[in-house]
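Below is the file final.cif, which contains mmCIF, C-alpha atoms.
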```
data_start
#
loop_
_atom_site.label_atom_id
_atom_site.label_comp_id
_atom_site.auth_asym_id
_atom_site.auth_seq_id
_atom_site.Cartn_x
_atom_site.Cartn_y
_atom_site.Cartn_z
CA ILE K 75 11.70 -22.09 20.84
CA PHE K 76 8.56 -24.18 20.96
CA GLN K 77 8.64 -25.15 17.33
CA PHE K 78 11.12 -24.61 14.54
CA SER K 79 9.47 -24.63 11.13
CA LEU K 80 11.74 -25.25 8.13
CA LEU K 81 9.74 -24.29 5.05
CA GLY K 82 12.38 -24.71 2.34
CA GLY K 83 11.62 -24.95 -1.39
CA PRO K 84 11.20 -21.85 -3.56
CA ASP K 85 9.81 -19.71 -0.71
CA PRO K 86 11.74 -16.49 -0.06
CA LEU K 87 12.08 -17.04 3.70
CA ASP K 88 14.55 -19.66 4.90
CA TYR K 89 12.42 -20.50 7.91
CA VAL K 90 10.05 -19.12 10.56
CA SER K 91 10.62 -19.70 14.26
CA MET K 92 7.57 -20.12 16.47
CA TYR K 93 7.66 -19.45 20.21
CA ARG K 94 5.19 -19.90 23.02
CA ASN K 95 5.05 -16.61 24.92
CA LEU K 96 3.45 -16.61 28.36
CA GLY K 97 2.58 -12.92 28.09
CA ASN K 98 2.53 -10.58 31.06
CA PRO K 99 -0.56 -10.74 33.32
CA ALA K 100 0.50 -7.57 35.14
CA LEU K 101 0.27 -5.66 31.84
CA ASN K 102 -2.88 -7.51 30.74
CA VAL K 103 -0.90 -9.27 27.97
CA PRO K 104 -2.38 -12.73 27.28
CA GLU K 105 -0.48 -15.89 26.43
CA HIS K 106 0.22 -16.08 22.71
CA TRP K 107 2.28 -17.57 19.89
CA HIS K 108 5.18 -15.46 18.67
CA TYR K 109 6.45 -15.94 15.09
CA VAL K 110 9.77 -14.59 13.74
CA SER K 111 10.89 -14.77 10.09
CA PHE K 112 14.41 -15.48 8.85
CA GLY K 113 15.46 -14.52 5.32
CA LEU K 114 14.55 -10.90 4.66
CA SER K 115 17.82 -10.02 6.35
CA ASP K 116 21.18 -11.38 5.21
CA LEU K 117 21.77 -14.70 6.97
CA TYR K 118 24.95 -15.72 5.14
CA GLY K 119 26.93 -12.69 3.94
CA ASP K 120 28.05 -14.43 0.75
CA ASN K 121 26.11 -12.29 -1.77
CA ARG K 122 23.99 -15.25 -2.88
CA VAL K 123 20.68 -13.80 -1.75
CA HIS K 124 21.47 -10.30 -0.50
CA GLU K 125 24.25 -7.96 -1.48
CA PHE K 126 26.61 -7.51 1.45
CA THR K 127 27.11 -3.76 1.94
CA GLY K 128 28.99 -3.72 5.23
CA THR K 129 28.24 -4.09 8.91
CA ASP K 130 27.00 -0.53 9.45
CA GLY K 131 24.21 -0.59 6.88
CA PRO K 132 21.03 -2.68 6.73
CA SER K 133 21.37 -6.44 6.62
CA GLY K 134 19.60 -7.56 3.43
CA PHE K 135 16.34 -5.61 3.36
CA GLY K 136 17.12 -4.48 6.90
CA PHE K 137 14.23 -6.14 8.71
CA GLU K 138 12.48 -9.37 9.64
CA LEU K 139 8.76 -9.88 10.24
CA THR K 140 7.18 -10.99 13.51
CA PHE K 141 3.58 -11.83 14.45
CA ARG K 142 1.79 -12.40 17.76
CA LEU K 143 -1.30 -14.63 17.69
CA LYS K 144 -3.50 -15.14 20.74
CA ARG K 145 -3.25 -18.72 21.98
CA GLU K 146 -6.60 -20.47 22.11
CA THR K 147 -7.54 -22.56 25.15
CA GLY K 148 -6.25 -26.10 24.79
CA GLU K 149 -4.00 -25.25 21.85
CA SER K 150 -0.82 -27.30 22.23
CA ALA K 151 0.99 -26.30 19.04
CA PRO K 152 1.13 -23.03 17.09
CA PRO K 153 -0.96 -22.77 13.91
CA THR K 154 1.24 -22.70 10.82
CA TRP K 155 -0.80 -20.31 8.67
CA PRO K 156 1.09 -17.21 9.98
CA ALA K 157 4.25 -18.64 8.41
CA GLU K 158 2.49 -18.75 5.03
CA LEU K 159 1.29 -15.18 5.58
CA MET K 160 4.89 -14.11 6.18
CA GLN K 161 6.00 -15.92 3.03
CA GLY K 162 3.43 -13.96 1.02
CA LEU K 163 4.68 -10.64 2.37
CA ALA K 164 8.31 -11.66 1.88
CA ARG K 165 7.54 -12.69 -1.69
CA TYR K 166 6.19 -9.21 -2.36
CA VAL K 167 9.32 -7.59 -0.88
CA PHE K 168 11.71 -9.72 -2.94
CA GLN K 169 9.81 -9.18 -6.18
CA SER K 170 9.17 -5.45 -5.82
CA GLU K 171 12.13 -4.41 -3.65
CA ASN K 172 9.66 -2.29 -1.68
CA THR K 173 10.47 -2.54 2.01
CA PHE K 174 8.14 -2.08 4.98
CA CYS K 175 8.26 0.53 7.74
CA SER K 176 6.47 0.91 11.04
CA GLY K 177 3.01 2.37 10.41
CA ASP K 178 2.64 0.83 6.95
CA HIS K 179 -0.54 -1.02 6.10
CA VAL K 180 -1.27 -3.94 3.81
CA SER K 181 -4.63 -4.45 2.09
CA TRP K 182 -5.12 -8.22 2.09
CA HIS K 183 -8.88 -8.48 1.43
CA SER K 184 -9.21 -11.94 2.92
CA PRO K 185 -9.24 -13.42 6.44
CA LEU K 186 -5.58 -13.86 7.35
CA ASP K 187 -6.21 -17.48 8.36
CA ASN K 188 -8.68 -18.24 5.51
CA SER K 189 -11.53 -18.52 8.01
CA GLU K 190 -14.62 -16.31 8.34
CA SER K 191 -12.76 -13.82 10.53
CA ARG K 192 -13.17 -10.05 10.27
CA ILE K 193 -9.38 -9.71 10.58
CA GLN K 194 -8.59 -9.26 6.88
CA HIS K 195 -5.80 -6.66 6.66
CA MET K 196 -2.54 -5.76 8.38
CA LEU K 197 -0.68 -2.89 9.98
CA LEU K 198 3.04 -3.02 10.74
CA THR K 199 4.81 -1.74 13.83
CA GLU K 200 7.97 -2.26 15.88
CA ASP K 201 7.93 -5.52 17.83
CA PRO K 202 7.48 -4.56 21.52
CA GLN K 203 10.11 -7.04 22.78
CA MET K 204 12.64 -7.37 19.97
CA GLN K 205 15.02 -4.44 19.61
CA PRO K 206 17.16 -3.82 16.49
CA VAL K 207 20.26 -6.02 16.48
CA GLN K 208 23.70 -5.56 15.01
CA THR K 209 24.79 -8.67 13.09
CA PRO K 210 28.03 -9.45 11.24
CA PHE K 211 26.14 -8.63 8.02
CA GLY K 212 24.40 -5.41 9.07
CA VAL K 213 21.57 -4.08 11.22
CA VAL K 214 18.21 -5.89 11.50
CA THR K 215 14.98 -4.41 12.87
CA PHE K 216 11.85 -6.44 13.68
CA LEU K 217 8.48 -5.36 12.28
CA GLN K 218 5.41 -6.93 13.82
CA ILE K 219 2.34 -7.76 11.73
CA VAL K 220 -0.91 -6.66 13.40
CA GLY K 221 -4.20 -8.04 12.08
CA VAL K 222 -6.98 -5.46 11.67
CA CYS K 223 -10.55 -5.21 10.40
CA THR K 224 -11.51 -3.42 7.18
CA GLU K 225 -12.86 -0.40 9.08
CA GLU K 226 -9.57 -0.07 10.96
CA LEU K 227 -7.58 -0.30 7.72
CA HIS K 228 -9.69 2.46 6.18
CA ALA K 229 -9.10 4.64 9.24
CA ALA K 230 -5.35 4.07 8.91
CA GLN K 231 -5.53 5.07 5.25
CA GLN K 232 -7.55 8.19 5.95
CA TRP K 233 -5.44 9.29 8.92
CA ASN K 234 -2.24 7.34 9.58
CA GLY K 235 -1.14 3.90 10.67
CA GLN K 236 0.63 5.01 13.83
CA GLY K 237 -2.50 6.70 15.13
CA ILE K 238 -4.62 3.57 14.67
CA LEU K 239 -1.91 1.37 16.22
CA GLU K 240 -1.97 3.59 19.29
CA LEU K 241 -5.76 3.21 19.54
CA LEU K 242 -5.43 -0.59 19.21
CA ARG K 243 -2.95 -0.59 22.12
CA THR K 244 -5.56 1.05 24.35
CA VAL K 245 -8.22 -1.61 23.67
CA PRO K 246 -7.17 -4.95 25.27
CA VAL K 247 -9.38 -7.18 23.11
CA ALA K 248 -8.15 -5.45 19.93
CA GLY K 249 -4.44 -5.92 20.61
CA GLY K 250 -3.50 -4.33 23.91
CA PRO K 251 0.01 -3.05 24.67
CA TRP K 252 1.76 -5.82 22.69
CA LEU K 253 -0.73 -5.68 19.79
CA ILE K 254 -1.61 -9.38 19.85
CA THR K 255 -3.89 -10.46 17.01
CA ASP K 256 -7.05 -12.32 18.02
CA MET K 257 -8.60 -13.90 14.92
CA ARG K 258 -11.86 -14.43 16.84
CA ARG K 259 -12.31 -10.72 17.53
CA GLY K 260 -15.78 -9.87 16.24
CA GLU K 261 -15.88 -6.11 16.81
CA THR K 262 -13.83 -3.21 15.50
CA ILE K 263 -12.36 -0.67 17.92
CA PHE K 264 -15.01 1.76 16.68
CA GLU K 265 -17.79 -0.64 17.62
CA ILE K 266 -16.19 -1.28 21.01
CA ASP K 267 -15.78 2.47 21.64
CA PRO K 268 -17.87 4.60 19.24
CA HIS K 269 -16.21 7.80 20.46
CA LEU K 270 -12.87 6.82 18.92
CA GLN K 271 -13.95 7.57 15.34
CA GLN K 272 -15.14 11.11 15.93
CA GLU K 273 -12.92 12.20 18.82
CA ARG K 274 -9.63 10.69 17.62
CA VAL K 275 -9.71 9.71 13.94
CA ASP K 276 -11.88 12.47 12.45
CA LYS K 277 -10.10 15.15 14.51
CA GLY K 278 -6.75 13.66 13.53
CA ILE K 279 -7.60 13.82 9.81
CA GLU K 280 -8.81 17.41 10.15
CA THR K 281 -5.69 18.46 12.06
CA ASP K 282 -2.97 16.32 10.49
CA GLY K 283 -4.35 15.30 7.11
CA SER K 284 -3.40 11.86 5.82
CA ASN K 285 0.12 10.44 5.78
CA LEU K 286 -0.73 8.13 2.89
CA SER K 287 1.08 9.56 -0.13
CA GLY K 288 0.21 6.96 -2.75
CA VAL K 289 -1.18 3.55 -3.57
CA SER K 290 -0.50 0.75 -5.99
CA ALA K 291 -3.71 0.60 -7.94
CA LYS K 292 -5.69 -0.57 -10.94
CA CYS K 293 -5.80 2.67 -12.88
CA ALA K 294 -5.26 4.23 -16.29
CA TRP K 295 -5.68 7.55 -18.03
CA ASP K 296 -6.59 8.76 -21.50
CA ASP K 297 -5.69 11.98 -23.24
CA LEU K 298 -9.02 13.31 -24.56
CA SER K 299 -7.35 16.27 -26.23
CA ARG K 300 -7.21 14.38 -29.53
CA PRO K 301 -8.94 11.40 -31.14
CA PRO K 302 -7.74 7.99 -29.92
CA GLU K 303 -6.68 6.98 -33.43
CA ASP K 304 -4.16 9.81 -33.56
CA ASP K 305 -0.99 7.87 -32.86
CA GLU K 306 1.44 10.60 -33.86
CA ASP K 307 2.69 10.61 -30.29
CA SER K 308 2.83 7.00 -29.22
CA ARG K 309 3.44 7.96 -25.62
CA SER K 310 -0.22 8.54 -24.84
CA ILE K 311 -1.77 6.00 -22.52
CA CYS K 312 -4.94 4.28 -23.57
CA ILE K 313 -6.62 1.09 -22.46
CA GLY K 314 -6.90 -1.07 -25.53
CA THR K 315 -3.45 -0.19 -26.82
CA GLN K 316 -0.09 -1.40 -25.63
CA PRO K 317 0.90 1.19 -23.00
CA ARG K 318 4.43 2.45 -22.66
CA ARG K 319 6.14 1.57 -19.41
CA LEU K 320 7.56 4.01 -16.92
CA SER K 321 11.27 4.48 -17.41
CA GLY K 322 13.64 3.84 -14.56
CA LYS K 323 14.27 7.57 -14.18
CA ASP K 324 10.55 8.33 -14.09
CA THR K 325 10.03 5.64 -11.48
CA GLU K 326 12.81 7.04 -9.30
CA GLN K 327 11.39 10.55 -9.72
CA ILE K 328 7.99 9.29 -8.57
CA ARG K 329 9.60 7.65 -5.56
CA GLU K 330 11.41 10.90 -4.75
CA THR K 331 8.12 12.77 -5.15
CA LEU K 332 6.49 10.41 -2.68
CA ARG K 333 9.34 10.89 -0.21
CA ARG K 334 9.69 14.67 -0.53
CA GLY K 335 8.22 16.69 2.28
CA LEU K 336 6.39 13.79 3.88
CA GLU K 337 6.27 12.66 7.46
CA ILE K 338 6.33 9.00 8.46
CA ASN K 339 4.33 6.30 6.72
CA SER K 340 5.10 7.33 3.16
CA LYS K 341 4.93 3.76 1.85
CA PRO K 342 2.17 2.87 -0.59
CA VAL K 343 -0.64 0.57 0.21
CA LEU K 344 0.13 -2.79 -1.32
CA PRO K 345 -2.22 -4.53 -3.70
CA PRO K 346 -3.77 -7.73 -2.38
CA ILE K 347 -1.05 -10.38 -2.33
CA ASN K 348 -2.88 -13.39 -0.98
CA ALA K 349 -1.16 -16.40 -2.49
CA GLN K 350 -4.53 -17.80 -3.54
CA ARG K 351 -5.52 -14.56 -5.28
CA GLN K 352 -2.50 -13.02 -6.89
CA ASN K 353 -4.28 -9.86 -8.08
CA GLY K 354 -1.59 -8.40 -10.22
CA LEU K 355 1.51 -9.77 -8.55
CA ASN K 356 3.10 -12.71 -10.30
CA HIS K 357 4.11 -15.11 -7.54
CA ASP K 358 5.46 -17.65 -9.97
CA ARG K 359 8.50 -15.63 -10.90
CA ALA K 360 11.74 -16.53 -9.19
CA PRO K 361 12.48 -13.79 -6.66
CA SER K 362 15.08 -11.43 -8.07
CA ARG K 363 16.55 -8.23 -6.67
CA LYS K 364 16.49 -6.92 -10.25
CA ASP K 365 12.86 -7.84 -10.83
CA SER K 366 11.53 -4.37 -10.18
CA LEU K 367 10.37 -1.25 -11.98
CA GLU K 368 13.97 -0.33 -12.71
CA SER K 369 14.45 -3.37 -14.92
CA ASP K 370 16.48 -2.76 -18.07
CA SER K 371 13.60 -3.71 -20.35
CA SER K 372 11.39 -1.08 -18.72
CA ALA K 373 13.91 1.73 -18.91
CA ALA K 374 14.93 0.99 -22.49
CA ILE K 375 11.53 1.32 -24.15
CA ILE K 376 11.66 5.12 -24.36
CA PRO K 377 14.93 7.00 -23.83
CA HIS K 378 14.23 9.39 -20.98
CA GLU K 379 15.82 12.36 -22.71
CA LEU K 380 13.46 12.05 -25.68
CA ILE K 381 10.27 12.32 -23.63
CA ARG K 382 8.91 15.83 -23.52
CA THR K 383 6.45 17.09 -20.95
CA ARG K 384 3.09 17.55 -22.67
CA GLN K 385 0.32 19.90 -21.56
CA LEU K 386 -3.07 18.24 -22.05
CA GLU K 387 -6.38 20.00 -22.58
CA SER K 388 -8.67 17.21 -21.38
CA VAL K 389 -8.15 13.94 -19.52
CA HIS K 390 -10.13 10.85 -18.57
CA LEU K 391 -9.10 9.03 -15.38
CA LYS K 392 -10.04 5.38 -14.85
CA PHE K 393 -10.00 3.51 -11.54
CA ASN K 394 -11.33 0.25 -10.23
CA GLN K 395 -13.75 0.42 -7.30
CA GLU K 396 -11.15 -0.05 -4.57
CA SER K 397 -8.92 2.68 -5.98
CA GLY K 398 -11.83 5.00 -6.63
CA ALA K 399 -12.95 4.73 -3.02
CA LEU K 400 -9.66 6.40 -2.05
CA ILE K 401 -10.25 9.54 -4.14
CA PRO K 402 -12.02 11.39 -1.26
CA LEU K 403 -9.03 10.54 0.95
CA CYS K 404 -6.70 11.88 -1.75
CA LEU K 405 -8.65 15.12 -1.94
CA ARG K 406 -9.56 15.74 1.70
CA GLY K 407 -6.62 14.18 3.50
CA ARG K 408 -3.86 15.22 1.09
CA LEU K 409 -4.63 18.05 -1.36
CA LEU K 410 -6.55 20.22 1.12
CA HIS K 411 -3.44 20.01 3.32
CA GLY K 412 -1.12 21.20 0.55
CA ARG K 413 0.19 17.73 -0.30
CA HIS K 414 0.16 15.29 -3.22
CA PHE K 415 -1.12 11.78 -3.86
CA THR K 416 -0.05 9.21 -6.46
CA TYR K 417 -1.87 6.27 -7.99
CA LYS K 418 0.69 3.94 -9.54
CA SER K 419 -0.49 1.11 -11.76
CA ILE K 420 0.22 -2.31 -10.26
CA THR K 421 1.49 -3.35 -13.71
CA GLY K 422 4.02 -0.52 -13.71
CA ASP K 423 2.61 0.91 -16.94
CA THR K 424 1.39 4.29 -15.77
CA ALA K 425 1.02 6.67 -12.84
CA ILE K 426 -1.35 9.48 -11.88
CA THR K 427 -0.26 12.12 -9.37
CA PHE K 428 -2.70 14.66 -7.93
CA VAL K 429 -0.99 17.82 -6.68
CA SER K 430 -2.17 20.90 -4.84
CA THR K 431 -1.03 24.41 -5.74
CA GLY K 432 1.58 24.40 -2.98
CA VAL K 433 3.53 21.34 -4.08
CA GLU K 434 7.02 22.14 -5.36
CA GLY K 435 8.62 20.37 -8.29
CA ALA K 436 5.40 19.52 -10.14
CA PHE K 437 5.27 19.89 -13.91
CA ALA K 438 1.51 20.54 -13.78
CA THR K 439 0.78 24.22 -13.19
CA GLU K 440 -2.30 26.36 -12.59
CA GLU K 441 -2.03 27.57 -16.20
CA HIS K 442 -1.66 23.98 -17.48
CA PRO K 443 -3.22 21.78 -14.77
CA TYR K 444 -2.95 18.55 -16.80
CA ALA K 445 0.57 17.56 -17.81
CA ALA K 446 2.21 14.28 -18.76
CA HIS K 447 5.79 13.14 -18.79
CA GLY K 448 5.61 9.98 -20.85
CA PRO K 449 3.10 7.73 -19.04
CA TRP K 450 3.20 9.78 -15.81
CA LEU K 451 0.24 12.16 -15.57
CA GLN K 452 0.07 15.02 -13.08
CA ILE K 453 -3.16 16.84 -12.26
CA LEU K 454 -3.15 20.11 -10.35
CA LEU K 455 -6.39 20.87 -8.54
CA THR K 456 -7.22 24.18 -6.86
CA GLU K 457 -8.75 24.17 -3.39
CA GLU K 458 -12.05 25.45 -4.79
CA PHE K 459 -12.24 22.62 -7.33
CA VAL K 460 -11.27 20.03 -4.69
CA GLU K 461 -14.18 21.15 -2.48
CA ARG K 462 -16.56 20.84 -5.41
CA MET K 463 -15.24 17.40 -6.37
CA LEU K 464 -15.70 16.19 -2.79
CA GLU K 465 -19.38 17.15 -2.98
CA ASP K 466 -19.86 15.47 -6.36
CA LEU K 467 -17.97 12.32 -5.32
CA GLU K 468 -19.75 11.88 -2.01
CA ASP K 469 -21.31 8.57 -3.04
CA LEU K 470 -17.81 7.04 -3.32
CA ASN K 471 -17.95 6.82 0.47
CA SER K 472 -20.76 4.25 0.05
CA PRO K 473 -19.56 2.17 -2.93
CA GLU K 474 -22.01 -0.64 -2.20
CA GLU K 475 -24.85 1.67 -3.19
CA PHE K 476 -23.92 2.21 -6.83
CA LYS K 477 -23.41 0.04 -9.87
CA LEU K 478 -20.40 -0.05 -12.12
CA PRO K 479 -19.42 1.53 -14.40
CA LYS K 480 -19.89 4.93 -12.73
CA GLU K 481 -18.88 8.19 -14.40
CA TYR K 482 -18.27 11.68 -13.04
CA SER K 483 -17.67 14.63 -15.34
CA TRP K 484 -16.71 18.29 -14.99
CA PRO K 485 -17.06 19.58 -18.58
CA GLU K 486 -15.84 23.12 -17.90
CA LYS K 487 -12.68 21.64 -16.34
CA LYS K 488 -12.41 19.07 -19.16
CA LEU K 489 -12.01 16.29 -16.60
CA LYS K 490 -13.78 12.93 -16.51
CA VAL K 491 -13.43 10.16 -13.89
CA SER K 492 -14.74 6.62 -14.40
CA ILE K 493 -15.03 3.86 -11.82
CA LEU K 494 -14.84 0.59 -13.75
CA PRO K 495 -15.03 -3.15 -13.01
CA ASP K 496 -11.76 -4.96 -12.30
CA ALA K 497 -12.18 -6.92 -15.53
CA VAL K 498 -11.46 -3.78 -17.58
CA PHE K 499 -7.98 -3.61 -16.06
CA ASP K 500 -7.36 -7.35 -15.94
CA ASN K 501 -8.31 -7.73 -19.63
CA PRO K 502 -7.59 -4.31 -21.18
CA LEU K 503 -8.42 -5.44 -24.73
CA HIS K 504 -12.01 -6.30 -23.82
#
```
Please rewrite the model in this file as structure tokens.
Amino acid sequence: IFQFSLLGGPDPLDYVSMYRNLGNPALNVPEHWHYVSFGLSDLYGDNRVHEFTGTDGPSGFGFELTFRLKRETGESAPPTWPAELMQGLARYVFQSENTFCSGDHVSWHSPLDNSESRIQHMLLTEDPQMQPVQTPFGVVTFLQIVGVCTEELHAAQQWNGQGILELLRTVPVAGGPWLITDMRRGETIFEIDPHLQQERVDKGIETDGSNLSGVSAKCAWDDLSRPPEDDEDSRSICIGTQPRRLSGKDTEQIRETLRRGLEINSKPVLPPINAQRQNGLNHDRAPSRKDSLESDSSAAIIPHELIRTRQLESVHLKFNQESGALIPLCLRGRLLHGRHFTYKSITGDTAITFVSTGVEGAFATEEHPYAAHGPWLQILLTEEFVERMLEDLEDLNSPEEFKLPKEYSWPEKKLKVSILPDAVFDNPLH
């Protein structure tokens, strides 16, 4: 251990160890700093932080984070900012109880080291040197953070994280075999090798579809089947009114929907969780294993048994720009491959699931393509309509070219989609 950093205080991680790794010249692995977190797994076994469930199951959340940062010439001590990055990710895990898996990706929207770097997002993969270990308090795996550019993140969203990680391993300056992050990297893998986009990513999307099954998003929906002032059924969702929250059972059903029939990488993209820009995640709350969507207050608002499934005649979907940019991915990479895609509000208030005709267990049907169960809306789209929507939504692929708000409408389908500024979702009463 080159340096042992004790961070203490209210941070979720107990500490982060920092090592100087000499790399492996024979494998073209450069010298680098290696960071390892302590605290996502159970370090004590006394039920204070994590519930002890036995030695055979996961220890705590079942994993720790690692990170490999290229060592700069003349650098005698490891930079400490990766430890803060790990604290931010750990804070998200403790507050949401969402765990990470290899192939997951994290939208960070800011240089990881707060510089001018193009490395502004993360993928997660197995650490190449650290194998899972059996501890007295359960099994721990080690997930390595890999810094990536925006274009590489988008490719991972449109195809899958594992595919992009494999491409990064083949490009030495972009990570190499040990996926070492170089914050000074100025080119994406697609700029270094232009053939990768068309020959690997585009073909992969066409053949495999996308493994991304849902995102945490700034979104909402309105039932246009009746006037907004009709409050006979208070379960309708409308910006400008106090929305009902998803019940615990609905939330679990959504999670099961996301898991059902999917391959790897079924975790949602996380909202930006930079400590300086909280963007919907409250970092001031004390971490709590109960502080999740299954909280008692959420489940108690509407008894699950009393919520009926409603068929809607007309709906209005609302997304912020970042979420809207993923609609073509949802349609092309998921629905055209017989799959589903869920937008789940980062506030936990509502969810929108798009389904294709082949998805089992949906309450939206071809006869009634718009259906809601409380605040959870499902929309069934036929292949023909998906193809038409992709044509009409083509400009979403170049969001810098249009001004907000932007509206798309299909009157004969009684469907409207609006792309709105973030402020509409941050201040819903405005």
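Among K:Gln194, K:Asn285, K:Ser91, K:Ser115, the residue with the shortest atom-to-atom distance to Thr224 of chain K, counting all atoms listed in the file, is K:Gln194.
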### Query
Once the PyMOL selection byres ((chain K and resi 253-265) around 9) has been applied to the shown file, what residues remain in the selection, as a ChimeraX atom specification?
/K:103-104,106,141-145,185-187,189,191-193,201-202,218-226,239,241-243,245-252,266-271
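From atom CA of Asp178 of chain K back to atom CA of Ala229 of chain K, the distance works out to 12.6 Å.
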In terms of all atoms listed in the file, the residue from K:Gln205, K:Thr154, K:Thr147, K:Thr244 at minimal distance from Leu101 of chain K is K:Thr244
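What separates atom CA of Leu454 of chain K from atom CA of Ser170 of chain K is a distance of 28.7 Å.
Of note, atom CA of Thr129 of chain K and atom CA of Phe211 of chain K are spaced 5.1 Å apart.
Of the residues listed (K:Thr421, K:Ser287, K:Thr140, K:Ser111), K:Thr421 shows the shortest atom-to-atom separation from Phe499 of chain K; distances use all atoms listed in the file.
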Notebook entry, point to check: Evaluating the PyMOL selection byres ((chain K and resi 137) around 10) on the displayed file yields which residues, as a list of chain:residue names?
Noted result: K:Ser111, K:Phe112, K:Gly113, K:Leu114, K:Ser115, K:Asp116, K:Pro132, K:Ser133, K:Gly134, K:Phe135, K:Gly136, K:Glu138, K:Leu139, K:Thr140, K:Thr173, K:Phe174, K:Cys175, K:Pro206, K:Val207, K:Val213, K:Val214, K:Thr215, K:Phe216, K:Leu217
